[in-house]
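Participant: Please read through the structure below; I'll follow up with questions.
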Amino acid sequence: MRTRLALAIPLVLAACAKGPAGDAARAPGGTMIIATTGDADVLFPPVTSVTNGINVSDLLFCRLAELKLALNTVDDAGFRPVLARSWEHPDSLTIVFHLDRRAHWQDGAPVTAADVAFTFGVYRDPAVNSPLAPFLAAIDSVTARDSFTVAFRFRRWYPEQLYDATYHMRVLPRHLLDTIPAARLATAPFARAPVGDGPYRFVSWAAGSEIALAADPAWFLGRPGLDRLIWRVTPELATAVSGLLAGEADAMEVIPARGQLERVQQATDVRLVPYPSPFYAAIVFNLRRPPFADRDVRRALAMAVDRETVVRSVFGPFAEVAVGATSPMQWIWSDSISQLPFDTAAAARLLDQRGWRRGGAGGLRSSHGAPLRFTLLVPTSSQVRQQAAVIVQDELRRLGVDMRIQPLEFTVMERRTQTGDFDAALISRTIDPSPASLLQWWSPGAGGNIGRYADTAFGSLAAAAMRARTRAEAAPLWRSALGRLNDEAPAVFLFSPRNNAAISTRFRNVTIRPDSWLATVTEWRVIEARHIARDRGAPRP
Amino acid sequence: MLRFAARRLAFAVVSVAAVVFITFLLVHAAPGEPMLGTPERALASPETMARQRTLFGLDRPLPEQFLRYARNLARGELGESFVLHRPVAAVLAEAVPNTLLLGGTALVASLLLGLAIGVVQAARHHSRTDTLLSAATLVLYSVPVFWLGLVLLLVFGERLHWLPVSGMTSAGLEDRLSSLGRAVDVARHLVLPAASLALVQAAAFARFQRSALVESLDAEYIRAARAKGLTERAVLLKHALRGALAPTLTLAGLSVPYFLAGSVLVESIFGWPGLGRVAYDAIFARDYNVITATALVSGVLVAAGNLLADVAVAIADPRVRLDQ
C-alpha cells in the first residue's frame with residue numbers, strides 16, 4: 001500500500017505541475033484587433049475583390065486544399081488537405097477529391113460533393129460575374145460522384161491542375177444559396193452575414209467601422225487558438241499606426257510607408273514581421289509608340305536607371321530591386337535571373353547608334369529634329385511611385401532623355417493605360433503564387449499587357465515552363481523566360497516592396513504565408529501572462 | 001412666419017435638386033469609371049468589366065442614365081452601390097446618424113465656446129484679456145482642421161493615452177459594457193474628432209460674437225438698461241447678447257457645409273464611420289450612385305441648417321420677421 005502511495009504521489013504532483021503550464025501552451029483564448037485602412041466590399045468569395053473582404057472571407061470559407069508556406073504551386077506535395085482529406089489523379093485530365101466527412105457548415109449541415117460542384121457553377125456563371133472565372137477556364141466540369149467524392153475534369157493536362165482546382169475557389173453552401181438567382185447572390189443578405197465552413201464564424205459587420213469573427217469551437221480541423229478576430233477600419237495610415245502603438249489594435253497586415261515603419265521599429269510592444277510581397281513595380285513602355293518600338297532604345301533606357309539607388313532612396317531597407325516581372329513571393333525569384341546592367345556609357349552608345357544624338361537644347365538627344373522625350377504616367381495614390389519617378393527622371397536627364405511626369409488619379413491612369421493612351425506608365429502588379437500569372441501581363445492579347453509586348457521566344461520559354469512536370473524542371477525555364485523579358489526591356493522592373501506586418505508582442509506562433517497573411521492564424525496564440533481586458537472579455541465559443 | 005418658412009423651404013428644394021443634377025453630370029463627366037475604382041478591380045478581365053457596365057446600365061447614353069436615376073429618385077430609390085453590392089439607402093442609413101452626432105456635437109460645442117469667448121472679450125474689450133483671446137482665436141481660425149486633428153491625436157491619444165485615437169467604440173469590449181458604459185465609450189471616442197472640428201469654428205463664432213456685442217453695447221437701448229440700474233452682467237447677458245445673437249446664429253447656419261466638408265477629413269483621420277468617409281471612399285472608387293446620394297443628403301442638411309438658422313434669427317430678433 002505504502003509502495004503504491006509512494007509511486008502515486010509523484011505522478012499526481014507531476015500531473016498537477018504539468019497541468020497549467022501544458023494547458024497554457026495550448027490554451028485557446030484571446031482577441032486580436034486588426035487595424036486596417038479599408039473596409040470589406042462583400043463577404044461572398046466569388047465576387048469579393050477588396051483586400052480586406054478577401055482576408056475576412058478567407059477565414060469563413062475553406063478551400064479543398066491549401067498551399068503550404070513554401071507556395072509550391074506545381075507539386076502535390078506543396079498542398080495540405082483541408083476540406084479534401086485526400087485526392088488522386090486517375091488519369092492526366094482528372095483529379096478526384098475525397099472530402100473530409102467531419103467538415104460541416106456552421107448551421108450544422110455537412111460539406112458535400114454537391115457543394116463543391118455547385119460552387120464551380122457559381123464561379124463560372126456569367127450572371128455572377130466573378131473576376132476569378134477566367135482562372136477556371138481549363139476546368140471542363142466538376143461532378144459529384146457520391147456525397148463525399150468529387151471529380152474535376154480538365155480540358156488539357158498541365159502541372160498546375162491541382163493549384164487551379166483548389167486555389168481560386170472557396171466552397172459555398174448549396175443548401176443556403178441554390179434558391180437565390182445567380183445575379184442576386186452578391187447582394188443577398190448571405191453576402192453580408194455569411195454562414196461558412198471555416199475556422200471562424202461571422203459575428204457582425206458595422207460598415208466602415210468594424211468586422212468581428214468568433215472562433216468555431218467545433219471546426220473539424222481543431223479549435224483556433226484565438227477566440228475573436230476584429231478588424232477595425234482606420235482609413236488614415238498614421239492613425240492606424242497610432243492605434244497600434246497606443247495598444248488599441250494588435251496587428252496590421254502591412255505598413256507601406258517608410259516613416260510609419262520607423263515609428264513601429266521604435267516601439268517595444270509591437271514588432272515587425274517581414275514577408276515577401278506579391279507586388280512589383282515597373283515602368284512599362286507603350287510599344288505601339290515611337291521610340292519604344294525600338295528594342296535598343298528600351299534597353300538603353302533600362303540600362304540608364306540605377307535601380308539600386310531608386311530603391312534605397314525610396315524604401316531604405318524595406319524593398320528589393322526587382323530581378324524581373326516577379327516578386328520574392330514566387331518560387332521562380334532568383335538573383336541568377338539575367339538582367340541588364342546599370343551602365344550609362346553603354347546606354348549612351350546604344351542611343352548614339354540608333355541616331356539619338358545629343359545636341360538639342362539642354363543637352364537633350366534628338367533624331368531628325370525630334371527630341372527624345374516622353375511622358376510617364378504615375379498614380380497620385382502611390383507616394384512611393386511618385387518619389388521613384390522623380391529619381392528616374394533625373395537619371396534619364398543625365399543621359400539626354402526628357403521624361404515628363406504626369407501624376408493622375410488611379411482610375412484615370414488605368415483608363416489611359418487600358419486604352420493605349422500613354423507613352424510609359426509606372427505600374428504596380430499584384431501577382432499570384434503561380435508563375436503562370438506572368439502571362440496575364442506579358443503574353444500577346446492578355447488584358448494586362450498594356451504595352452502590347454509580343455515575343456515568340458518569351459512565349460516558347462513560358463509554354464515549356466508550364467508543361468514541366470516538377471518545380472525543379474520548371475524553375476530554370478521560368479527564369480530563362482524572365483531573363484528574356486529583361487533583355488527585351490518592354491519595361492524597367494524597378495522594385496518589389498518587402499511587406500512588414502506589425503504585430504503585438506503579446507502574440508506567439510506567428511507565421512505568415514505571403515499571399516494570404518492570416519492563412520496560419522488558427523495557430524497563433526496570445527501569451528497567457530499577457531492577456532488584457534479585451535482577451536478576458538472574449539465570450540468563449 | 002409660416003409663409004416665411006414655406007418660401008425658404010421651396011427655395012431649399014430647388015437648390016437640392018440643382019445639387020443632385022450638377023453632381024450627377026460632374027461625376028459622369030469626370031475621367032475614370034466605377035469598374036476601375038480600386039487596384040483589385042483593375043485586375044478583372046475586360047470582359048468582366050464590360051458585363052459589369054451592362055449590369056449597372058453604364059453602357060447607356062448619359063441622358064438615359066439621368067432620366068432613369070431621376071425616375072428612381074422620385075420613387076425614393078437611391079440605387080445600388082457598385083462597390084459595396086448593397087442599396088445606397090442602407091449605406092447612408094448607417095453613416096448619416098454618425099455624422100449628425102459628430103457634426104451636431106461639434107456645432108453645439110463650437111457655438112457655446114465661441115459665444116462664451118465672445119462675451120468675455122466684449123465684456124473686457126480693449127483689455128489685455130481681449131487682446132490675448134483675439135490672438136488665440138485668430139491662430140485657431142488659421143489652423144487646418146486635419147493638422148489640428150493629427151496633433152490632438154498624437155498628444156492626447158498616442159502620447160498621453162487619455163483618449164482613444166480611432167473608431168466610435170472600443171473594439172472587443174462592447175459586450176462587457178452596460179448601456180451607460182457604451183454611451184460613455186462613444187462619448188470618449190467623440191471628444192477628439194469633435195474637438196478638431198469645433199475648435200476652429202469656435203474661433204470664428206467668437207470673433208463674430210465679440211464684434212456684434214461690442215457694437216450693441218453702444219446702442220441706446222443698452223444705455224437705457226444701464227440707466228434703469230441693471231447690473232453690467234444683466235445688461236450684457238439679457239439685453240446686449242440677445243440683440244447681438246443674429247449674426248452668430250446666421251453664421252451657425254452657414255457653417256453646416258463647413259462641418260460636412262470637415263467631416264470628410266476628420267472622419268478619415270479618426271476612423272469615424274460617417275457620411276464623410278462614405279463620400280471619400282465613393283469618390284475614389286467612382287461609385288456614382290453613392291456620390292450622388294451623399295451630395296443629395298449634404299444638400300438637404302445644408303438647406304435644413306440654413307432654414308433653421310433663418311427661423312432662429314427670426315425668433316431671436318423680431319425685426320427680421322417684420323422685414324421679411
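Residue names in the C-alpha cells use chain letters A, B, ... in the order shown, residue numbers from 1 in each chain, and ligand numbers from 1 in the order shown.
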Once you count only C-alpha atoms, which residues of chain A turn out to be within 6 Å of chain B? Could you give them as a ChimeraX atom specification?
Facilitator: /A:41,49,131,187,208-209,234-236,242-243,246,411-412,534
Participant: Name the residues in contact with B:Ser110 at a cut-off of 6 Å, using only C-alpha atoms, excluding same-chain residues fewer than 5 positions from it; report them as a ChimeraX atom specification.
Facilitator: /B:198,201-202
Participant: When you draw a straight line from atom CA of B:Thr23 to atom CA of B:Leu251, how long is it in Å?
Facilitator: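 Going from atom CA of B:Thr23 over to atom CA of B:Leu251, I get 25.4 Å.
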Participant: Compile the contact shell of B:Phe205 as a PyMOL selection string: residues with an atom at most 12 Å away, counting only C-alpha atoms, same-chain residues fewer than 3 positions apart removed.
Facilitator: chain B and resi 107-119+134+137-138+140-141+198-202+208-213+244-255
Participant: Write down as JSON, numbers by chain the residues of stretch 287-365 of chain A whose backbone DSSP state falls under helix (DSSP H, G or I).
Facilitator: {"A": [295, 296, 297, 298, 299, 300, 301, 302, 303, 304, 307, 308, 309, 310, 311, 312, 313, 314, 315, 344, 345, 346, 347, 348, 349, 350, 351, 352, 353, 361, 362, 363]}
Participant: Kindly give the distance, in Å, that separates atom CA of A:Phe279 and atom CA of A:Ala165, rounded to a single decimal.
Facilitator: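 Going from atom CA of A:Phe279 over to atom CA of A:Ala165 covers 23.7 Å.
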Participant: Using only C-alpha atoms, which protein or nucleic acid residues come within 7 Å of A:Ile427? Drop anything in the same chain fewer than 6 positions from it, and give the result as a VMD selection string.
Facilitator: chain A and resid 281 to 283
Participant: Which residue gives the smallest distance to B:Tyr288 among B:Pro63, B:Gly181, B:Pro257, B:Gly79, with only C-alpha atoms counted?
Facilitator: B:Gly79
Participant: Closest to B:Val151 among A:Gln161, A:Thr239, A:Thr119, A:Thr149, using only C-alpha atoms?
Facilitator: A:Thr239
Participant: Have a look at atom CA of B:Leu236 and atom CA of B:Asp130 and let me know their distance in Å, one decimal.
Facilitator: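 Those two atoms sit 15.8 Å apart.
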